[in-house]
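S.K.: The structure is given below, and queries will be raised subsequently.
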Amino acid sequence: MTLKEYLIEEFGYNEPIYLGDIKFQNYSRPWIFKELKKLVSNEELKRFDSGIYYFPKKMPWGDSVLSTNKIVEWRFLSNGYDTYGYVTGASLLNKTGLSTQVPNLLELVSNKESTRVRDIYIGNQRIRVRRSRTTVTRDNVNVLQFLDLMNLISPSLLDETERYMLSKYVKASGVTRVDVAQYAELFPAKVMKNMIESGVAYELAQ
């Protein structure tokens with residue numbers, strides 16, 4: 001099996017391929033890097049950014065382009081099988097309808113980050129990645145994101161519409177009181193205070 005065959009079988013087309021994720025037989029990283037450069041030179045493989053590659057799909061209008069959102073998703077949030085991060089900050093407030101502002105900075109929490117917090121760029125997108133307070137999984141991602149949201153809000157400033165959107169988010173998330181009790185101690189004390197003052201504490205599932 002060639003490196004190209006391995007990459008297509010392992011990652012497919014129009015999916016991000018990170019240099020660090022390539023485990024091809026016992027070949028060294030410098031050898032793999034050299035072979036990737038050959039594939040790029042031959043226009044068989046595209047380089048999106050430093051250490052990020054993909055095989056484009058042939059479309060009627062030309063080669064497909066890998067989206068920044070897909071790269072961010074794969075690198076910091078989920079690979080489709082495992083969940084290891086979530087959106088937070090102003091982006092979470094926008095997502096839940098608690099803010100109409102579309103932030104230029106995308107804030108994430110991820111198991112994939114080893115430092116407390118750092119800013120990076122993927123393409124032209126500025127991203128602030130924070131190390132997770134505990135291991136993020138498919139089972140706890142909703143409650144961790146919910147508790148982060150409680151850490152962001154100011155209940156006294158919420159209008160009627162925003163309270164409705166918050167209530168709608170809580171019900172859709174499926175977060176229970178048991179979930180909250182399990183992870184609340186990992187967050188600042190104001191999280192529980194904000195839950196009570198916003199009325200959200202009384203809307204959690206049993």
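Residues are named by chain letter and number: chains run A, B, ... in the order of the structure tokens, numbers start at 1 in each chain, and ligands are numbered from 1 in the order shown.
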Quick one: which region 28-117 of chain A residues come within 12 Å of region 166-178 of chain A, and what is the nearest atom pair for each with the distance in Å to one decimal, counting only C-alpha atoms, rows ordered by chain and ascending number, as CSV?

M.R.:
residue,atom,partner,partner_atom,distance
A:Leu92,CA,A:Tyr169,CA,10.9
A:Leu93,CA,A:Leu166,CA,9.6
A:Asn94,CA,A:Leu166,CA,11.3
A:Lys95,CA,A:Tyr169,CA,9.5
A:Thr96,CA,A:Tyr169,CA,6.3
A:Gly97,CA,A:Leu166,CA,7.6
A:Leu98,CA,A:Leu166,CA,7.2
A:Ser99,CA,A:Leu166,CA,11.0

S.K.: If you keep C-alpha atoms, can you produce a file of those selected residues as a tab-separated table (two decimals), in the first residue's frame?

M.R.:
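Okay, selection15.tsv is ready:
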chain	number	residue	atom	x	y	z
A	92	LEU	CA	-21.98	30.09	22.55
A	93	LEU	CA	-24.03	33.15	23.52
A	94	ASN	CA	-24.77	33.73	19.84
A	95	LYS	CA	-25.60	30.06	19.26
A	96	THR	CA	-28.12	30.03	22.11
A	97	GLY	CA	-29.76	33.28	21.04
A	98	LEU	CA	-28.49	35.27	24.03
A	99	SER	CA	-26.52	37.60	21.77

S.K.: Find the spatial neighbours of region 16-27 of chain A, counting only C-alpha atoms, within a cut-off of 8 Å - ignore same-chain residues fewer than 3 positions away - and output them as an MDAnalysis selection string.

M.R.: chainID A and resid 3 6:7 11 31:33 51:54 66 70:71 74

S.K.: Name all residues at most 10 Å from Tyr183 (chain A) (count only C-alpha atoms; drop same-chain ones fewer than 5 positions away) and give them as number ranges by chain.

M.R.: A: 133-134, 140, 143-144, 147, 178

S.K.: Given the selection you just returned, output its residues as a file containing N, CA and C atoms, formatted as a compact mmCIF listing (two decimals), in the first residue's frame.

M.R.:
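Below is the file that was written, part03.txt:
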# COMPACT_ATOMS: atom_id res chain seq x y z
N ARG A 133 -11.76 21.57 31.70
CA ARG A 133 -11.67 21.40 33.16
C ARG A 133 -11.64 19.93 33.54
N THR A 134 -12.26 19.13 32.70
CA THR A 134 -12.25 17.67 32.86
C THR A 134 -12.36 17.08 31.47
N ASN A 140 -20.87 13.81 28.47
CA ASN A 140 -20.92 14.97 29.35
C ASN A 140 -20.79 16.31 28.65
N VAL A 143 -23.64 18.97 29.45
CA VAL A 143 -23.66 19.59 30.78
C VAL A 143 -22.47 20.52 30.97
N LEU A 144 -21.30 20.17 30.44
CA LEU A 144 -20.13 21.05 30.56
C LEU A 144 -20.35 22.35 29.80
N LEU A 147 -22.85 24.48 31.82
CA LEU A 147 -22.23 25.13 32.97
C LEU A 147 -21.33 26.28 32.55
N VAL A 178 -28.89 15.86 38.14
CA VAL A 178 -27.84 14.90 38.49
C VAL A 178 -26.55 15.24 37.74

S.K.: Among the residues of region 38-199 of chain A, find those DSSP assigns to alpha helix (DSSP H) from the backbone and print them as a VMD selection string.

M.R.: chain A and resid 38 to 41 68 to 72 89 to 95 141 to 152 160 to 173 177 to 183 190 to 198

S.K.: Output the selection as a PDB file, in the first residue's frame - C-alpha atoms for each residue.

M.R.:
ATOM      1  CA  LYS A  38       5.604  15.189  -3.564  1.00  0.00           C
ATOM      2  CA  LEU A  39       1.842  14.566  -3.599  1.00  0.00           C
ATOM      3  CA  VAL A  40       1.207  18.309  -3.293  1.00  0.00           C
ATOM      4  CA  SER A  41       3.693  19.074  -6.080  1.00  0.00           C
ATOM      5  CA  THR A  68     -12.234  26.066   8.005  1.00  0.00           C
ATOM      6  CA  ASN A  69     -15.252  24.942  10.055  1.00  0.00           C
ATOM      7  CA  LYS A  70     -14.588  21.311   9.198  1.00  0.00           C
ATOM      8  CA  ILE A  71     -10.955  21.618  10.232  1.00  0.00           C
ATOM      9  CA  VAL A  72     -11.882  23.257  13.540  1.00  0.00           C
ATOM     10  CA  GLY A  89     -17.635  32.323  24.905  1.00  0.00           C
ATOM     11  CA  ALA A  90     -19.410  34.824  22.666  1.00  0.00           C
ATOM     12  CA  SER A  91     -19.957  32.130  20.039  1.00  0.00           C
ATOM     13  CA  LEU A  92     -21.981  30.090  22.549  1.00  0.00           C
ATOM     14  CA  LEU A  93     -24.029  33.148  23.523  1.00  0.00           C
ATOM     15  CA  ASN A  94     -24.775  33.726  19.844  1.00  0.00           C
ATOM     16  CA  LYS A  95     -25.601  30.058  19.263  1.00  0.00           C
ATOM     17  CA  VAL A 141     -20.413  17.566  26.610  1.00  0.00           C
ATOM     18  CA  ASN A 142     -23.910  19.052  27.034  1.00  0.00           C
ATOM     19  CA  VAL A 143     -23.658  19.588  30.783  1.00  0.00           C
ATOM     20  CA  LEU A 144     -20.129  21.046  30.560  1.00  0.00           C
ATOM     21  CA  GLN A 145     -21.213  23.464  27.846  1.00  0.00           C
ATOM     22  CA  PHE A 146     -24.315  24.375  29.867  1.00  0.00           C
ATOM     23  CA  LEU A 147     -22.232  25.126  32.967  1.00  0.00           C
ATOM     24  CA  ASP A 148     -19.879  27.227  30.876  1.00  0.00           C
ATOM     25  CA  LEU A 149     -22.891  29.170  29.610  1.00  0.00           C
ATOM     26  CA  MET A 150     -24.006  29.769  33.207  1.00  0.00           C
ATOM     27  CA  ASN A 151     -20.548  31.174  33.854  1.00  0.00           C
ATOM     28  CA  LEU A 152     -20.980  33.648  30.991  1.00  0.00           C
ATOM     29  CA  GLU A 160     -37.816  38.378  28.436  1.00  0.00           C
ATOM     30  CA  THR A 161     -36.792  37.098  25.006  1.00  0.00           C
ATOM     31  CA  GLU A 162     -33.352  36.065  26.228  1.00  0.00           C
ATOM     32  CA  ARG A 163     -34.852  34.224  29.204  1.00  0.00           C
ATOM     33  CA  TYR A 164     -37.100  32.351  26.791  1.00  0.00           C
ATOM     34  CA  MET A 165     -34.138  31.429  24.570  1.00  0.00           C
ATOM     35  CA  LEU A 166     -32.190  30.264  27.617  1.00  0.00           C
ATOM     36  CA  SER A 167     -35.097  28.116  28.758  1.00  0.00           C
ATOM     37  CA  LYS A 168     -35.427  26.651  25.266  1.00  0.00           C
ATOM     38  CA  TYR A 169     -31.706  25.808  25.181  1.00  0.00           C
ATOM     39  CA  VAL A 170     -31.798  24.110  28.580  1.00  0.00           C
ATOM     40  CA  LYS A 171     -34.740  21.903  27.634  1.00  0.00           C
ATOM     41  CA  ALA A 172     -33.163  20.941  24.295  1.00  0.00           C
ATOM     42  CA  SER A 173     -29.834  20.089  25.933  1.00  0.00           C
ATOM     43  CA  ARG A 177     -29.907  18.034  37.990  1.00  0.00           C
ATOM     44  CA  VAL A 178     -27.841  14.899  38.490  1.00  0.00           C
ATOM     45  CA  ASP A 179     -25.533  15.975  35.653  1.00  0.00           C
ATOM     46  CA  VAL A 180     -25.098  19.420  37.175  1.00  0.00           C
ATOM     47  CA  ALA A 181     -24.384  18.015  40.642  1.00  0.00           C
ATOM     48  CA  GLN A 182     -21.643  15.826  39.172  1.00  0.00           C
ATOM     49  CA  TYR A 183     -19.702  18.638  37.476  1.00  0.00           C
ATOM     50  CA  LYS A 190     -21.211  32.061  40.496  1.00  0.00           C
ATOM     51  CA  VAL A 191     -22.391  29.329  38.125  1.00  0.00           C
ATOM     52  CA  MET A 192     -24.878  27.960  40.683  1.00  0.00           C
ATOM     53  CA  LYS A 193     -25.849  31.504  41.679  1.00  0.00           C
ATOM     54  CA  ASN A 194     -26.578  32.400  38.062  1.00  0.00           C
ATOM     55  CA  MET A 195     -28.592  29.220  37.596  1.00  0.00           C
ATOM     56  CA  ILE A 196     -30.857  30.142  40.494  1.00  0.00           C
ATOM     57  CA  GLU A 197     -31.210  33.843  39.658  1.00  0.00           C
ATOM     58  CA  SER A 198     -32.011  33.101  36.006  1.00  0.00           C
TER      59      SER A 198
END

S.K.: Quick check, in Å to one decimal: how far apart do CA of Leu77 (chain A) and CA of Asn111 (chain A) lie?

M.R.: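 Taking CA of Leu77 (chain A) as the start and CA of Asn111 (chain A) as the end point, the length is 8.5 Å.
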
S.K.: Would you compute the distance between CA of Gly199 (chain A) and CA of Asp139 (chain A)? Give it in Å to one decimal.

M.R.: 24.5 Å
